[in-house]
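Listing of work-v4.cif, mmCIF, C-alpha atoms
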```
data_protein
#
loop_
_atom_site.label_atom_id
_atom_site.label_comp_id
_atom_site.auth_asym_id
_atom_site.auth_seq_id
_atom_site.Cartn_x
_atom_site.Cartn_y
_atom_site.Cartn_z
CA MET X 189 0.00 0.00 0.00
CA ILE X 190 1.32 3.46 -0.88
CA ALA X 191 0.83 5.89 2.02
CA ASN X 192 -1.29 9.01 1.60
CA PRO X 193 0.97 12.05 2.39
CA SER X 194 -1.73 13.82 4.45
CA ASP X 195 -2.21 10.72 6.65
CA VAL X 196 1.55 10.54 7.11
CA ARG X 197 1.74 14.26 7.95
CA ASN X 198 -1.01 13.98 10.59
CA LEU X 199 0.89 11.16 12.20
CA PHE X 200 4.19 13.05 12.11
CA GLU X 201 2.67 16.28 13.48
CA SER X 202 1.23 14.70 16.61
CA HIS X 203 4.34 12.61 17.29
CA TYR X 204 6.70 15.52 16.61
CA PHE X 205 4.72 17.83 18.88
CA LEU X 206 5.02 15.40 21.79
CA PHE X 207 8.73 14.85 21.03
CA ALA X 208 9.39 18.60 20.93
CA PHE X 209 7.27 19.21 24.04
CA LEU X 210 9.07 16.62 26.17
CA SER X 211 12.48 17.76 24.93
CA SER X 212 11.64 21.44 25.52
CA LEU X 213 10.29 20.70 28.98
CA GLY X 214 13.44 18.76 29.84
CA THR X 215 15.74 21.44 28.46
CA LEU X 216 13.81 24.16 30.31
CA GLN X 217 14.09 22.27 33.59
CA ILE X 218 17.84 21.81 33.17
CA ALA X 219 18.25 25.51 32.31
CA VAL X 220 16.11 26.90 35.16
CA THR X 221 17.64 24.64 37.81
CA GLY X 222 21.04 25.98 36.73
CA SER X 223 19.92 29.59 36.80
CA GLY X 224 17.84 29.24 39.99
CA ILE X 225 14.47 30.31 38.48
CA ARG X 226 12.46 28.36 41.02
CA ALA X 227 9.01 29.39 39.80
CA LEU X 228 9.56 27.21 36.72
CA TRP X 229 10.72 24.07 38.52
CA LEU X 230 8.51 21.00 38.19
CA THR X 231 9.29 20.02 41.79
CA PRO X 232 10.52 22.03 44.82
CA TYR X 233 13.86 20.18 44.74
CA ARG X 234 16.69 21.27 42.43
CA ARG X 235 18.34 17.88 41.96
CA VAL X 236 15.06 16.00 41.41
CA THR X 237 13.91 18.64 38.91
CA ARG X 238 17.19 18.46 37.01
CA TRP X 239 17.02 14.68 36.75
CA LEU X 240 13.40 14.95 35.68
CA GLY X 241 14.62 17.22 32.89
CA PHE X 242 17.04 14.58 31.61
CA VAL X 243 14.32 11.92 31.88
CA CYS X 244 11.91 14.10 29.83
CA ILE X 245 14.49 14.55 27.05
CA ILE X 246 15.37 10.85 26.89
CA THR X 247 11.67 9.90 26.98
CA GLY X 248 10.95 12.30 24.10
CA VAL X 249 13.70 10.83 21.92
CA LEU X 250 12.74 7.22 22.74
CA PHE X 251 9.08 7.99 22.13
CA PHE X 252 9.62 9.62 18.73
CA PHE X 253 12.16 7.20 17.32
CA GLY X 254 10.76 4.08 19.04
CA GLN X 255 7.10 4.70 18.20
CA PRO X 256 7.28 3.02 14.74
CA LEU X 257 7.71 -0.29 16.60
CA PHE X 258 4.20 0.03 18.03
CA ILE X 259 2.18 2.41 15.84
CA ASP X 260 1.20 1.77 12.22
CA GLY X 261 2.78 4.23 9.83
CA PRO X 262 4.72 4.51 6.57
CA TRP X 263 7.74 2.68 7.92
CA ALA X 264 7.17 -1.00 7.38
CA ALA X 265 9.29 -3.02 4.99
CA GLY X 266 11.22 -0.27 3.38
CA SER X 267 13.21 1.92 5.72
CA VAL X 268 16.36 0.68 4.02
CA GLN X 269 14.93 1.57 0.62
CA ALA X 270 15.50 5.01 -0.79
CA ASP X 271 11.99 5.89 -1.88
CA SER X 272 9.65 6.64 0.99
CA THR X 273 6.52 6.33 -1.22
CA THR X 274 7.05 2.63 -1.78
CA ARG X 275 6.96 1.80 1.90
CA GLU X 276 4.18 -0.27 3.35
CA TRP X 277 1.82 0.96 6.09
CA GLY X 278 2.40 -0.96 9.28
CA VAL X 279 4.76 -1.24 12.22
CA ALA X 280 8.53 -1.29 11.79
CA SER X 281 10.80 -4.13 12.81
CA TRP X 282 13.92 -3.56 14.94
CA ASP X 283 16.06 -3.84 11.81
CA GLU X 284 14.21 -0.96 10.13
CA LEU X 285 13.80 1.24 13.17
CA ALA X 286 16.80 3.56 12.69
CA GLY X 287 15.59 4.74 9.28
CA ALA X 288 11.85 4.48 9.93
CA ARG X 289 11.40 8.22 10.52
CA ASN X 290 13.34 9.17 7.40
CA VAL X 291 10.35 10.14 5.27
CA ASN X 292 10.63 12.87 2.64
CA ASP X 293 8.46 15.96 3.31
CA ILE X 294 6.79 15.59 -0.11
CA HIS X 295 5.63 12.16 1.06
CA GLY X 296 4.26 13.40 4.39
CA GLY X 297 7.31 14.11 6.53
CA LEU X 298 7.57 17.55 8.17
CA ASP X 299 9.47 20.30 6.35
CA GLY X 300 11.45 23.03 8.12
CA VAL X 301 8.52 25.47 8.40
CA ASP X 302 6.22 22.81 9.89
CA GLN X 303 8.92 21.86 12.37
CA ALA X 304 9.46 25.50 13.35
CA ILE X 305 5.72 25.99 13.98
CA TRP X 306 5.32 22.78 15.99
CA PHE X 307 8.51 23.41 17.95
CA SER X 308 7.36 26.94 18.89
CA LEU X 309 3.99 25.63 20.09
CA ALA X 310 5.68 22.84 22.02
CA ALA X 311 8.13 25.27 23.68
CA ILE X 312 5.27 27.61 24.72
CA PHE X 313 3.32 24.65 26.10
CA ALA X 314 6.42 23.44 28.00
CA PHE X 315 6.77 26.92 29.53
CA ALA X 316 3.06 26.96 30.50
CA VAL X 317 3.31 23.55 32.16
CA SER X 318 6.41 24.70 34.06
CA VAL X 319 4.57 27.84 35.22
CA VAL X 320 1.71 25.78 36.70
CA PHE X 321 3.96 23.19 38.37
CA GLY X 322 6.34 25.96 39.45
CA ALA X 323 3.51 27.81 41.24
CA LEU X 324 2.68 24.61 43.12
CA SER X 325 6.30 23.91 44.01
CA ILE X 326 6.81 27.49 45.22
CA LYS X 327 3.76 27.06 47.43
CA ALA X 328 5.09 23.78 48.78
CA ASN X 329 8.42 25.39 49.57
CA THR X 330 6.99 28.02 51.91
CA LYS X 331 9.83 28.05 54.47
CA GLU X 332 12.38 29.05 51.83
CA LEU X 333 9.96 31.61 50.38
CA ARG X 334 9.51 33.33 53.72
CA VAL X 335 13.26 33.97 53.86
CA ASP X 336 13.18 35.29 50.29
CA ALA X 337 10.21 37.54 51.03
CA LYS X 338 12.50 39.78 53.08
CA LEU X 339 14.68 40.24 50.02
CA ASP X 340 11.72 40.75 47.74
CA ASP X 341 11.71 43.92 45.72
CA ASP X 342 9.24 45.23 43.15
CA ASP X 343 12.13 46.35 40.97
CA ILE X 344 12.99 42.71 40.37
CA ASP X 345 10.74 41.45 37.59
CA GLY X 346 10.80 39.19 34.55
CA LEU X 347 12.65 35.90 34.97
CA ALA X 348 14.67 37.41 37.83
CA GLY X 349 11.41 37.85 39.73
CA LEU X 350 10.60 34.18 39.20
CA VAL X 351 13.47 33.28 41.52
CA HIS X 352 11.34 34.57 44.40
CA ARG X 353 7.69 34.52 43.31
CA SER X 354 5.33 32.41 41.26
CA TYR X 355 4.64 33.46 37.68
CA PHE X 356 1.14 34.60 38.65
CA SER X 357 2.43 36.92 41.41
CA ASN X 358 5.28 38.15 39.24
CA LEU X 359 3.26 38.95 36.10
CA PRO X 360 1.46 42.10 37.40
CA ILE X 361 4.78 43.50 38.70
CA SER X 362 6.52 42.82 35.39
CA VAL X 363 3.70 44.37 33.33
CA ARG X 364 3.58 47.44 35.58
CA ASN X 365 7.35 47.93 35.47
CA PHE X 366 7.40 47.60 31.69
CA ARG X 367 4.59 50.15 31.27
CA LEU X 368 6.30 52.59 33.61
CA GLU X 369 9.76 52.23 32.15
CA ALA X 370 9.21 51.46 28.44
CA ARG X 371 9.96 55.03 27.34
CA LYS X 372 13.04 55.21 29.53
CA PHE X 373 14.29 51.87 28.16
CA TRP X 374 13.83 53.18 24.62
CA ARG X 375 15.58 56.49 25.29
CA ASP X 376 18.47 54.79 27.11
CA GLY X 377 18.66 52.21 24.33
CA VAL X 378 18.92 54.85 21.61
CA ARG X 379 21.53 56.74 23.63
CA SER X 380 23.70 53.69 24.29
CA ALA X 381 23.33 52.12 20.80
CA ASP X 382 26.55 52.09 18.76
CA ARG X 383 27.20 53.93 15.48
CA TRP X 384 25.73 51.02 13.45
CA SER X 385 22.24 51.67 14.79
CA LEU X 386 19.94 52.90 12.03
CA ILE X 387 17.43 54.04 14.63
CA LYS X 388 20.07 56.18 16.30
CA ILE X 389 21.05 57.63 12.93
CA ILE X 390 17.42 58.33 11.96
CA SER X 391 16.50 59.85 15.31
CA GLY X 392 19.70 61.94 15.14
CA GLY X 393 20.75 64.16 18.09
CA SER X 394 19.88 61.40 20.58
CA ASN X 395 23.28 61.84 22.16
CA GLN X 396 22.28 65.30 23.32
CA MET S 295 37.77 19.64 -7.63
CA ASN S 296 34.57 17.83 -8.53
CA SER S 297 36.38 14.52 -8.90
CA ILE S 298 38.11 14.93 -5.50
CA ASP S 299 34.73 15.78 -3.99
CA ALA S 300 33.10 12.73 -5.58
CA SER S 301 36.01 10.44 -4.64
CA LEU S 302 35.86 11.57 -1.03
CA LEU S 303 32.09 11.05 -0.97
CA ILE S 304 32.37 7.58 -2.50
CA TRP S 305 35.13 6.62 -0.06
CA LEU S 306 33.14 7.87 2.98
CA ASN S 307 29.98 6.21 1.73
CA SER S 308 31.89 2.96 1.11
CA LEU S 309 32.31 2.72 4.91
CA SER S 310 28.59 1.91 5.05
CA GLY S 311 27.15 -1.57 4.63
CA HIS S 312 29.77 -3.27 6.81
CA ILE S 313 28.72 -2.57 10.39
CA LYS S 314 24.96 -2.46 10.82
CA ILE S 315 25.01 -0.57 14.12
CA LEU S 316 27.13 2.19 12.54
CA ASP S 317 24.75 2.42 9.58
CA ASP S 318 21.78 2.63 11.95
CA LEU S 319 23.49 5.29 14.05
CA MET S 320 24.23 7.38 10.95
CA ARG S 321 20.63 7.01 9.72
CA LEU S 322 19.43 8.24 13.09
CA ILE S 323 21.84 11.19 13.20
CA ALA S 324 21.06 12.10 9.58
CA SER S 325 17.32 12.23 10.42
CA ASP S 326 15.48 15.48 9.62
CA TYR S 327 14.17 15.63 13.17
CA LEU S 328 16.93 14.91 15.70
CA MET S 329 19.70 17.44 15.05
CA PRO S 330 17.48 20.38 14.00
CA LEU S 331 15.67 19.91 17.32
CA VAL S 332 19.02 19.90 19.15
CA PHE S 333 19.91 23.22 17.50
CA SER S 334 16.53 24.77 18.40
CA LEU S 335 16.75 23.47 21.97
CA SER S 336 20.23 24.92 22.37
CA MET S 337 18.80 28.41 21.73
CA PHE S 338 15.87 27.65 24.04
CA TRP S 339 18.35 26.63 26.74
CA LEU S 340 20.41 29.76 26.18
CA TRP S 341 17.32 31.95 26.72
CA PHE S 342 16.73 30.63 30.25
CA SER S 343 20.24 29.82 31.41
CA GLY S 344 21.62 33.25 32.34
CA LYS S 345 22.44 33.47 36.04
CA THR S 346 22.53 37.26 36.48
CA PRO S 347 20.28 39.89 34.83
CA SER S 348 23.09 41.18 32.58
CA GLN S 349 24.19 37.67 31.58
CA ARG S 350 20.54 36.77 30.95
CA MET S 351 20.11 39.81 28.68
CA THR S 352 23.29 38.91 26.73
CA TYR S 353 22.20 35.28 26.34
CA GLN S 354 18.69 36.28 25.25
CA LEU S 355 19.92 38.77 22.67
CA THR S 356 22.28 36.08 21.37
CA ALA S 357 19.46 33.52 21.25
CA LEU S 358 17.31 35.98 19.27
CA THR S 359 20.20 36.59 16.88
CA GLY S 360 20.82 32.84 16.57
CA ILE S 361 17.17 32.11 15.80
CA SER S 362 17.11 34.94 13.23
CA ALA S 363 20.33 33.59 11.66
CA LEU S 364 18.73 30.16 11.48
CA ALA S 365 15.75 31.59 9.58
CA ILE S 366 17.89 33.80 7.31
CA SER S 367 20.17 30.81 6.51
CA ASN S 368 17.15 29.01 5.07
CA VAL S 369 16.42 31.99 2.81
CA VAL S 370 20.06 32.27 1.67
CA VAL S 371 20.21 28.54 0.89
CA TRP S 372 16.95 28.85 -1.05
CA ILE S 373 18.40 31.74 -3.09
CA ILE S 374 21.62 29.81 -3.85
CA ASN S 375 19.52 26.75 -4.77
CA SER S 376 17.50 28.80 -7.24
CA LEU S 377 20.73 30.10 -8.84
CA TRP S 378 22.56 26.77 -8.99
CA ASN S 379 20.77 23.45 -9.08
CA ARG S 380 23.54 21.02 -8.19
CA PRO S 381 22.22 17.45 -8.56
CA ARG S 382 22.31 15.18 -5.53
CA PRO S 383 25.24 12.73 -5.49
CA PHE S 384 23.04 9.63 -5.78
CA LEU S 385 21.81 11.00 -9.14
CA ASP S 386 25.36 11.60 -10.41
CA HIS S 387 26.80 8.32 -9.08
CA PRO S 388 23.87 5.89 -8.86
CA ASP S 389 26.01 2.76 -9.16
CA GLU S 390 28.79 3.81 -6.82
CA LEU S 391 26.76 4.91 -3.80
CA ASN S 392 24.95 2.93 -1.15
CA LEU S 393 21.98 5.19 -0.36
CA LEU S 394 20.82 4.80 3.25
CA PHE S 395 18.33 7.67 3.22
CA TYR S 396 15.30 8.75 1.19
CA SER S 397 16.06 10.58 -2.07
CA PRO S 398 15.75 14.33 -1.42
CA THR S 399 14.46 16.28 -4.43
CA ASP S 400 15.98 19.71 -3.65
CA PRO S 401 19.44 20.80 -4.89
CA SER S 402 22.54 19.55 -3.12
CA PHE S 403 24.59 22.74 -2.61
CA PRO S 404 24.78 24.16 0.02
CA ALA S 405 23.62 21.77 2.75
CA ASN S 406 20.71 23.54 4.41
CA PRO S 407 20.70 21.56 7.69
CA ILE S 408 24.41 22.21 8.16
CA ALA S 409 23.95 25.94 7.48
CA ILE S 410 21.42 26.21 10.31
CA GLY S 411 23.62 24.10 12.59
CA PHE S 412 26.64 26.36 12.11
CA ALA S 413 24.56 29.55 12.40
CA VAL S 414 23.38 28.37 15.83
CA ALA S 415 26.86 27.14 16.81
CA MET S 416 28.34 30.55 16.00
CA ALA S 417 25.69 32.25 18.13
CA ALA S 418 26.50 29.95 21.06
CA TRP S 419 30.24 30.41 20.53
CA THR S 420 30.00 34.18 20.99
CA VAL S 421 28.75 33.78 24.57
CA ASN S 422 30.26 30.44 25.59
CA ARG S 423 33.24 29.02 23.68
CA LYS S 424 32.80 25.46 25.02
CA PHE S 425 29.09 25.35 24.22
CA GLY S 426 29.69 26.79 20.73
CA LEU S 427 32.43 24.26 20.03
CA TRP S 428 30.20 21.44 21.19
CA LEU S 429 27.43 22.62 18.84
CA ALA S 430 29.89 23.01 15.94
CA MET S 431 31.05 19.44 16.52
CA THR S 432 27.41 18.30 16.59
CA ALA S 433 26.75 20.11 13.31
CA SER S 434 29.90 18.54 11.81
CA LEU S 435 28.76 15.08 12.89
CA TYR S 436 25.40 15.82 11.28
CA GLY S 437 27.22 16.80 8.09
CA PHE S 438 29.36 13.65 8.19
CA SER S 439 26.27 11.49 8.62
CA ARG S 440 24.63 13.12 5.60
CA VAL S 441 27.68 12.31 3.47
CA TYR S 442 27.87 8.80 4.91
CA VAL S 443 24.23 8.05 3.95
CA GLY S 444 24.91 9.43 0.45
CA VAL S 445 22.74 12.57 0.16
CA PHE S 446 25.41 15.33 0.17
CA TYR S 447 28.87 15.90 -1.29
CA PRO S 448 31.55 16.97 1.23
CA THR S 449 31.70 20.41 -0.45
CA ASP S 450 27.95 20.82 0.18
CA ILE S 451 28.69 20.40 3.88
CA VAL S 452 31.58 22.87 3.80
CA GLY S 453 29.44 25.30 1.77
CA GLY S 454 26.59 24.93 4.27
CA ALA S 455 28.94 25.61 7.20
CA LEU S 456 30.32 28.73 5.51
CA VAL S 457 26.81 30.00 4.70
CA GLY S 458 25.73 29.45 8.31
CA MET S 459 28.74 31.29 9.74
CA ALA S 460 28.49 34.14 7.23
CA VAL S 461 24.77 34.55 7.88
CA TYR S 462 25.41 34.69 11.62
CA GLY S 463 27.97 37.45 11.05
CA PHE S 464 25.48 39.35 8.90
CA THR S 465 22.70 38.86 11.46
CA SER S 466 24.93 40.23 14.23
CA TYR S 467 25.41 43.43 12.24
CA LEU S 468 21.70 43.50 11.46
CA ARG S 469 21.00 43.30 15.18
CA ARG S 470 23.31 46.23 15.85
CA ALA S 471 21.64 48.18 13.05
CA LEU S 472 18.22 47.55 14.58
CA GLU S 473 19.17 48.42 18.16
CA PRO S 474 17.47 49.40 20.45
CA LEU S 475 14.51 47.64 18.81
CA ILE S 476 15.90 44.17 19.52
CA THR S 477 16.61 44.96 23.17
CA MET S 478 13.05 46.33 23.42
CA VAL S 479 11.74 42.96 22.20
CA VAL S 480 13.53 41.31 25.13
CA ARG S 481 12.26 44.02 27.52
CA PHE S 482 8.74 43.45 26.18
CA ALA S 483 9.10 39.71 26.82
CA ARG S 484 10.30 40.62 30.32
CA GLY S 485 6.99 42.44 30.81
CA PHE S 486 5.34 39.03 30.40
CA SER S 487 7.89 37.41 32.72
CA VAL S 488 9.39 35.28 29.98
CA ALA S 489 12.72 37.10 29.75
#
```
So that I can check it, write out the structure of this file as structure tokens.
Amino acid sequence: MIANPSDVRNLFESHYFLFAFLSSLGTLQIAVTGSGIRALWLTPYRRVTRWLGFVCIITGVLFFFGQPLFIDGPWAAGSVQADSTTREWGVASWDELAGARNVNDIHGGLDGVDQAIWFSLAAIFAFAVSVVFGALSIKANTKELRVDAKLDDDDIDGLAGLVHRSYFSNLPISVRNFRLEARKFWRDGVRSADRWSLIKIISGGSNQ
Amino acid sequence: MNSIDASLLIWLNSLSGHIKILDDLMRLIASDYLMPLVFSLSMFWLWFSGKTPSQRMTYQLTALTGISALAISNVVVWIINSLWNRPRPFLDHPDELNLLFYSPTDPSFPANPIAIGFAVAMAAWTVNRKFGLWLAMTASLYGFSRVYVGVFYPTDIVGGALVGMAVYGFTSYLRRALEPLITMVVRFARGFSVA
């Protein structure tokens, strides 16, 4: 049976999204445990969260590249052949597994633009999941938070604010600070931009 | 030059078909999905990994530049492809190559996936030499795997790497030309607590 490209694409999109989501979530957890942004940790514990990050990445890779063993798709009896249209629809054997996902985009695989869109959605979703779990882990870690509350400062916003507060507490402070200081940021930015800046050249006299 | 290129390709590709686990590993590395995701994730990691506000701002501006370079590399490769349609090696040497991959239909030069890999590696290298080197080695391995499975000439890989690095250089100047707009984008993201 020759696979229909749109059926293949549907299959690839859902699998790729989950692969990108798990990998993004894992990468995010490794990054935020290193930089101490506690409001994005999946658990209140740094080491556990970091390991969870590695587990998410490995799970994502195993899921995406191992899935052809269990799910019917355009990978049976042909992953060693060059032409992805001549493949049969079915599950892959262990021998074919390594090349099972190598399907040309004109035959239903994902091209670069599709991958960019699905990756962006997956990364946003990974951030959202981290925000929710981070709020719970911040709540669970109240003793540590009480100490931090003394250091808390409304000038600290953005990701820096997420070291001390949950995303939901931090968001109004960040929005307010941005609204208050946007003009100042712009003016300072124009003033400190180097001679290559077109905006500085156009606005002229910004050094004065 | 072309004959050296083809000879090198045929020699590298002749390594395939002897050790199945090596063939499988190269098929996996050459996949359209694994390495491009690694390059995207490296920029995602860079965005969140700054430890101090100034380091975070530097990393985020670099990540933005890297992502822009990645996108611009695609456009540059597309322009070169429309000017010169170099046939894929398995079309030029059908009897001498052991093809381990599907037959791509787009032109061979320059290698698009390697261009994006090197654009991202250059971005990482500007803020962290070790990380940039690691990404450049990953992109090189990706390039090697693509030659091994028989879909690119070695010069396509070198051309892709040069395009990626050149585009990153251009994008860095573009960023400076658009300042303070780019920094404002990061500040705006900070207003939503994502930067």
Q | Residues of chain X within 6 Å of chain S, only C-alpha atoms counted, as a PyMOL selection string | A | chain X and resi 219+223+270-271+286-287+290+346-347+359+362-363+366+377-378+384-386
Q) Could you spell out the hits of the PyMOL selection byres ((chain X and resi 308-317) around 10) on the shown file, as an MDAnalysis selection string? A) (chainID X and resid 204:217 228:230 302:307 318:322 355) or (chainID S and resid 334:335 338 488)
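Atom to atom, CA of Asn375 in chain S and CA of Val301 in chain X stand 17.2 Å apart.
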Could you give me the centre and size, in Å to one decimal, of an axis-aligned box around all listed atoms of range 251-256 of chain X with 6 Å added on every side, as AutoDock Vina command-line options?
```
--center_x 9.6 --center_y 6.3 --center_z 18.4 --size_x 17.1 --size_y 18.6 --size_z 19.4
```
Would you kindly return, as a PDB file with C-alpha atoms, in the coordinates of the input, each protein, DNA or RNA residue with an atom no farther than 12 Å from any atom of Gly437 in chain S, considering all atoms listed in the file and excluding same-chain residues fewer than 5 positions away?
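Once written, part-v7.pdb looks like this:
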```pdb
ATOM      1  CA  LEU S 303      32.090  11.050  -0.970  1.00  0.00           C
ATOM      2  CA  LEU S 306      33.140   7.870   2.980  1.00  0.00           C
ATOM      3  CA  MET S 320      24.230   7.380  10.950  1.00  0.00           C
ATOM      4  CA  ARG S 321      20.630   7.010   9.720  1.00  0.00           C
ATOM      5  CA  ILE S 323      21.840  11.190  13.200  1.00  0.00           C
ATOM      6  CA  ALA S 324      21.060  12.100   9.580  1.00  0.00           C
ATOM      7  CA  SER S 325      17.320  12.230  10.420  1.00  0.00           C
ATOM      8  CA  ASP S 326      15.480  15.480   9.620  1.00  0.00           C
ATOM      9  CA  MET S 329      19.700  17.440  15.050  1.00  0.00           C
ATOM     10  CA  PRO S 330      17.480  20.380  14.000  1.00  0.00           C
ATOM     11  CA  PRO S 404      24.780  24.160   0.020  1.00  0.00           C
ATOM     12  CA  ALA S 405      23.620  21.770   2.750  1.00  0.00           C
ATOM     13  CA  ASN S 406      20.710  23.540   4.410  1.00  0.00           C
ATOM     14  CA  PRO S 407      20.700  21.560   7.690  1.00  0.00           C
ATOM     15  CA  ILE S 408      24.410  22.210   8.160  1.00  0.00           C
ATOM     16  CA  ALA S 409      23.950  25.940   7.480  1.00  0.00           C
ATOM     17  CA  ILE S 410      21.420  26.210  10.310  1.00  0.00           C
ATOM     18  CA  GLY S 411      23.620  24.100  12.590  1.00  0.00           C
ATOM     19  CA  PHE S 412      26.640  26.360  12.110  1.00  0.00           C
ATOM     20  CA  ALA S 430      29.890  23.010  15.940  1.00  0.00           C
ATOM     21  CA  MET S 431      31.050  19.440  16.520  1.00  0.00           C
ATOM     22  CA  THR S 432      27.410  18.300  16.590  1.00  0.00           C
ATOM     23  CA  TYR S 442      27.870   8.800   4.910  1.00  0.00           C
ATOM     24  CA  VAL S 443      24.230   8.050   3.950  1.00  0.00           C
ATOM     25  CA  GLY S 444      24.910   9.430   0.450  1.00  0.00           C
ATOM     26  CA  VAL S 445      22.740  12.570   0.160  1.00  0.00           C
ATOM     27  CA  PHE S 446      25.410  15.330   0.170  1.00  0.00           C
ATOM     28  CA  TYR S 447      28.870  15.900  -1.290  1.00  0.00           C
ATOM     29  CA  PRO S 448      31.550  16.970   1.230  1.00  0.00           C
ATOM     30  CA  THR S 449      31.700  20.410  -0.450  1.00  0.00           C
ATOM     31  CA  ASP S 450      27.950  20.820   0.180  1.00  0.00           C
ATOM     32  CA  ILE S 451      28.690  20.400   3.880  1.00  0.00           C
ATOM     33  CA  VAL S 452      31.580  22.870   3.800  1.00  0.00           C
ATOM     34  CA  GLY S 453      29.440  25.300   1.770  1.00  0.00           C
ATOM     35  CA  GLY S 454      26.590  24.930   4.270  1.00  0.00           C
ATOM     36  CA  ALA S 455      28.940  25.610   7.200  1.00  0.00           C
TER      37      ALA S 455
END
```
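Protein and nucleic acid residues near (-1.2, 9.1, 11.4) are Ala191, Asn192, Pro193, Ser194, Asp195, Val196, Arg197, Asn198, Leu199, Phe200, Glu201, Ser202, His203, Tyr204, Gln255, Pro256, Ile259, Asp260, Gly261, Pro262, Trp263, Trp277, Gly278, Val279, Gly296 and Gly297 of chain X, the criterion being any atom at most 12 Å away using only C-alpha atoms.
If you look at CA of Ala227 in chain X and CA of Ser354 in chain X, they are 5.0 Å away from each other.
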Apply the PyMOL selection byres ((chain X and resi 242) around 9) to the displayed file and report the matching residues as a PDB file with C-alpha atoms, in the frame of the given file.
```
ATOM      1  CA  SER X 211      12.480  17.760  24.930  1.00  0.00           C
ATOM      2  CA  GLY X 214      13.440  18.760  29.840  1.00  0.00           C
ATOM      3  CA  THR X 215      15.740  21.440  28.460  1.00  0.00           C
ATOM      4  CA  GLN X 217      14.090  22.270  33.590  1.00  0.00           C
ATOM      5  CA  ILE X 218      17.840  21.810  33.170  1.00  0.00           C
ATOM      6  CA  THR X 237      13.910  18.640  38.910  1.00  0.00           C
ATOM      7  CA  ARG X 238      17.190  18.460  37.010  1.00  0.00           C
ATOM      8  CA  TRP X 239      17.020  14.680  36.750  1.00  0.00           C
ATOM      9  CA  LEU X 240      13.400  14.950  35.680  1.00  0.00           C
ATOM     10  CA  GLY X 241      14.620  17.220  32.890  1.00  0.00           C
ATOM     11  CA  VAL X 243      14.320  11.920  31.880  1.00  0.00           C
ATOM     12  CA  CYS X 244      11.910  14.100  29.830  1.00  0.00           C
ATOM     13  CA  ILE X 245      14.490  14.550  27.050  1.00  0.00           C
ATOM     14  CA  ILE X 246      15.370  10.850  26.890  1.00  0.00           C
ATOM     15  CA  THR X 247      11.670   9.900  26.980  1.00  0.00           C
TER      16      THR X 247
END
```
**Q.** Atom pair CA of Thr465 in chain S / CA of Leu377 in chain S: separation (Å)
**A.** 22.2 Å
Q.
Applying 9 Å and only C-alpha atoms, which residues near His387 in chain S remain after dropping the ones on its own chain fewer than 5 positions away? List them as a count of residues only.
A. 3
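When all atoms listed in the file are used to compute distances to Met416 in chain S, the closest of the residues S:Ser308, S:Ser301, S:Thr359, S:Asn379 turns out to be S:Thr359.
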Q. Which one of X:Val351, X:Gly248, X:Gly300, X:Tyr233 sits closest to Ser367 in chain S if you count all atoms listed in the file?
A. X:Gly300
(Q) Restricting the calculation to all atoms listed in the file: of X:Leu250, X:Ile225, X:Ala288, X:Ala328, which residue gets closest to Glu276 in chain X? (A) X:Ala288
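The closest residue to Ser439 in chain S, picked from S:Ser310, S:Thr356, S:Asn296, S:Ser362 and counting all atoms listed in the file, is S:Ser310.
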Q: Step by step, work through what the PyMOL selection byres ((chain S and resi 360) around 8) selects in the shown file, and finish by giving those residues as JSON, numbers by chain.
A: {"S": [337, 356, 357, 358, 359, 361, 362, 363, 364, 413, 414, 416, 417, 418, 462]}
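Closest approach to Pro232 in chain X among X:Ile390, X:Asp299, X:Lys327, X:Val220 is made by X:Lys327 (distances from only C-alpha atoms).
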Q | Option closest in space to Phe253 in chain X, from X:Val236, X:Ala280, X:Ala323, X:Leu285 [counting all atoms listed in the file] | A | X:Leu285
(Q) Residues near Asp345 in chain X, anyone? I mean within 7 Å using only C-alpha atoms, not counting same-chain ones fewer than 3 positions away, as an MDAnalysis selection string. (A) (chainID X and resid 342 348:349 358 361:362) or (chainID S and resid 487)
When you get a chance, write out N, CA and C atoms for range 340-346 of chain X, as a JSON list (two decimals), keeping the file's coordinate frame.
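What follows is the written file rebuild_24.json:
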```
[["chain", "number", "residue", "atom", "x", "y", "z"],
["X", 340, "ASP", "N", 12.56, 40.46, 48.90],
["X", 340, "ASP", "CA", 11.72, 40.75, 47.74],
["X", 340, "ASP", "C", 11.67, 42.25, 47.44],
["X", 341, "ASP", "N", 11.61, 42.54, 46.16],
["X", 341, "ASP", "CA", 11.71, 43.92, 45.72],
["X", 341, "ASP", "C", 10.90, 44.04, 44.44],
["X", 342, "ASP", "N", 10.07, 45.07, 44.35],
["X", 342, "ASP", "CA", 9.24, 45.23, 43.15],
["X", 342, "ASP", "C", 10.04, 45.62, 41.92],
["X", 343, "ASP", "N", 11.29, 46.04, 42.13],
["X", 343, "ASP", "CA", 12.13, 46.35, 40.97],
["X", 343, "ASP", "C", 12.58, 45.09, 40.24],
["X", 344, "ILE", "N", 12.57, 43.98, 40.98],
["X", 344, "ILE", "CA", 12.99, 42.71, 40.37],
["X", 344, "ILE", "C", 11.78, 42.10, 39.67],
["X", 345, "ASP", "N", 11.87, 42.00, 38.35],
["X", 345, "ASP", "CA", 10.74, 41.45, 37.59],
["X", 345, "ASP", "C", 11.25, 40.49, 36.52],
["X", 346, "GLY", "N", 10.39, 40.13, 35.60],
["X", 346, "GLY", "CA", 10.80, 39.19, 34.55],
["X", 346, "GLY", "C", 11.25, 37.86, 35.15]]
```
